[in-house]
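All remarks here apply to the structure that follows.
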Amino acid sequence: MLKKMSLKTVLLSSVVALTAASQAYAFEPARSADCIAPASPGGGWDFTCRSVGKVLVDQGYIKGNVQTINMGGAGGGVAFAHTVSKRDTDENLIVAASTATTTRLAQGQYPGMSTDQVRWVGTLGADYGVIAVAKDSKYTTLTQMMNALKKDPSAVKFAGGSASGGWDHLKVLMTAKEAHVGNLPKIRYLAYGGGSEALVQVVGGHVDAFTGDISEIRGFMQSGDIRVLAVLSEKRLPAPFDTIPTAMEQGISSVAPNWRGFYVPGKASKASYDWWVNTLDELYKTPEWKKVMEKNGLMPFHKSGEDLTKFVNEQTLNIKLLSKDIGLMK
Amino acid sequence: METMSLLMHGFAVALTPESIMFAVIGAILGTLIGALPGLGPANGVAILIPLAFSLGLSPTSSLILLTSVYAGAMYGGRISSILLNIPGDEPAMMTCLDGYPMALKGKAAEALAISAIASFIGSFIATIGLVILAPILSKFALKFGPSEYFALFVLAFATLGGVTGKNQFKTITAAAIGLMISTVGIDISTGVQRYTFNTLELFEGVDFIIAIVGLFAISELFFFLERHAGDGLKQVAINKLKLTARDIINVLPTSIRGGILGFIAGVLPGAGASLGSFISYSLEKKISDKGEFGKGDPRGVAAPESGNNGAASGALVPMLTLGVPGSGTTAVLLAMLISLNISPGPMLFTHNPDLVWGVIAAMFVGNVVLLLLNIPMVGIFVKLLSVPPKYLMPVVTLIASVGIYSVSHSPTDLYFMVAFGVMGYILRKVGIPLVPVILGLLLGPEMEKSLRHALVLSDGDWSVLFNSGLSIGLWTVAILGLILPLIVGPIIRAKMRRSKDSVKDV
């Protein structure tokens, strides 16, 4: 079977064929796999499943098809519970996840569930956090804004697309904490139904500042309606975002990638876990995936296997501490 | 001119074979549903939402399908008005006045053809209005901050019953039920769980698509079971069509006036299609040369038809630009948009130009399709009227169940759907309208959010709600909207009834 698979992939893509032939796994995926998107069609998780599923099939990793199953509810909690309780040993299942998953896990919003009940496979890119203001705002740098917050924590009101305590809110708090702003719970955050809704309020001059992801501001940045004070990444992002200074450059070491990736059921065999980890590693390197990333504004961010598990645990711990700090959790 | 190029781009989307196919399917299904007595456009769209989900359509295709259903249902409403003197829905009531007498005179085919042409002109004019007005309004929408939005939502609720609404108390009760259900779930402003009983399925609240399908489609099934309505409507014979160019030219001015009036009525909150058709009928009656109104005047068919179709498209303007629906059907369409992860509002035009302009262009295409379908094929639709509901209802129920299950693969959703069906049945039995329930469910969270945001921004000062000219204006209209129906409503309704009674039931 393995030989046959290598032969087939040679025809599809020589790059993939070389790597596939050089490694042999005890696990062989079934003809078709399932990818659970823990939300309704059209959102970020749905996109993650559908785009990865397509590349998995196009590149011959899965010979049949990858079926995307939308399972909304409780911000991913229903899908998480389903995976843990009903499909705990399923080797042909991946579930889309992102920073929203770890945030909710950390804050106990999936009751009775924790990060170690599933196994974290890999990430395939990230969307970095930004803090922006309207073009006629009095703030021109992040430092200025943070100084204003130091004097009065409710001086700047933020609008974002996630719920209170969600990732967009946390980004502001993390940044303020790094900038040594006291009294974090006093910082005002207005939760909107989505990034674009929040952005319109900032552009319209109703709220002072926007917290969100870089992919959400593209349109408004080009039209010149907003000024981006900082991107929360380690290095400057590639063009057209290379003009935006990082928070690091301004002396505030706040980094906030909203990663996109997958977990698999906790009791799936080690062989299948290894297969998925390696497959996503390879997929991340394919030109086809690079194109998907470019088209959808995803920035490079890749961690897998042990590395990712460690990262997820650290991220949940940090979020938990921060949430307790600011009184979001008891 | 930018609008023109965007519209042309929209036509490129709307004229793909796939889009045309969905427009045709939607137009046929919509006409069918609209023709069945009692099933209006809101029900039509509600019943067919699950179809879009079970077919796994893209957002653009789903919307093209559903707006065509909407337009088709408006067309279809007139068939039973004219042939049977039973309006398919409220806006079609005025069409009975002259349509049925025409049918009695053996001119049923002409009445149907004229109403099809008038509907086409009405929709066409209103779609042009939508093209012109929507981008302007969406720029204006930037002026809306939290307090303005809150006032706008209050206005939407206050004017919900509409000027022709019968019982304000029942409307308010219905809206309150909707608002109450909308509080279930995790509150996004604080992260606190409300009425979730630690059930994961309730964390995100009650899905309004499930509520809509349950309230409208499933309750319809219960009504059917109750009536044991096994037979279709009696077969009506139709004469051969003898329509001259002069007949068409005669009703042209009427249709154009009706379309414009209807569009204005549709854009204004609370007015809606019933008022659109009523105003244009009364206007024609007034300015006409004491014609044969009420006794089978073709202009009496053209006026209400162009009026209610104009209003149907007009109602899309506030829905697309502000995210506030102006009628029951647009509320259902709004729910559909939200569940496709598309947020209506000013950003819709900049972020999803393909979708918006594709849908607008699809409305033009859909109107042409409807006109082409309706004149030669009206006989077929009339035959379909006599399909016994015993074959129709099981299909509707099947589509609804499969569609709801395919959204989230959760059996809980199906239980909820049935529960809402039972609730819809009870509410309809006691005469509480369903549309305000949906609006409450849909707008409740938004309204709450706007109020809280306004108060956060003002540090708890309530006067922020009245601090701009725009919000004071909105509050004024809202108060008028609540009071006017109590005064003017009975008068208009009496007039409508009087003109209806003047047609002798035979």
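Labels for the structure tokens follow display order: chains A, B, ..., residues from 1 in each chain, ligands from 1.
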
Q | chain A contacts on chain B, only C-alpha atoms, 10 Å, as JSON, numbers by chain | A | {"B": [53, 56, 58, 59, 140, 141, 142, 143, 144, 145, 146, 147, 185, 186, 187, 188, 189, 190, 191, 192, 193, 198, 199, 200, 201, 202, 203, 204, 205, 206, 207, 339, 340, 341, 342, 343, 344, 345, 346, 347, 348, 350, 351, 406, 407, 408, 409, 410, 445, 446, 449, 450, 452, 453, 454, 456, 457, 459]}

Q. Residues at most 6 Å from stretch 86-101 of chain A, counting only C-alpha atoms, excluding those fewer than 5 positions away in the same chain, as number ranges by chain?
A. A: 33-37, 45, 258-268, 272

Q | Residue nearest B:Ile172 - candidates B:Ile432, B:Val488, B:Leu371, B:Ile114, atoms counted: only C-alpha atoms | A | B:Ile432

(Q) If DSSP is run on the backbone, what residues of stretch 246-419 of chain B are helix (DSSP H, G or I)? A reply as a PyMOL selection string would be ideal. (A) chain B and resi 246-267+272-287+298-314+316-322+328-339+346-351+353-384+389-408+411-419

Q. Running DSSP on the backbone, which parts of stretch 7-227 of chain A land in strand (DSSP E or B), as number ranges by chain?
A. A: 33-37, 66-70, 93-98, 118-134, 157-160, 188-191, 209-213, 226-227

Q. Got a sec: who's within 7 Å of A:Ala256, counting only C-alpha atoms, leaving out chain neighbours fewer than 5 positions off, as a count of residues only?
A. 5

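Pairwise distance (atom CA of A:Val292, atom CA of A:Thr68) equals 17.4 Å.
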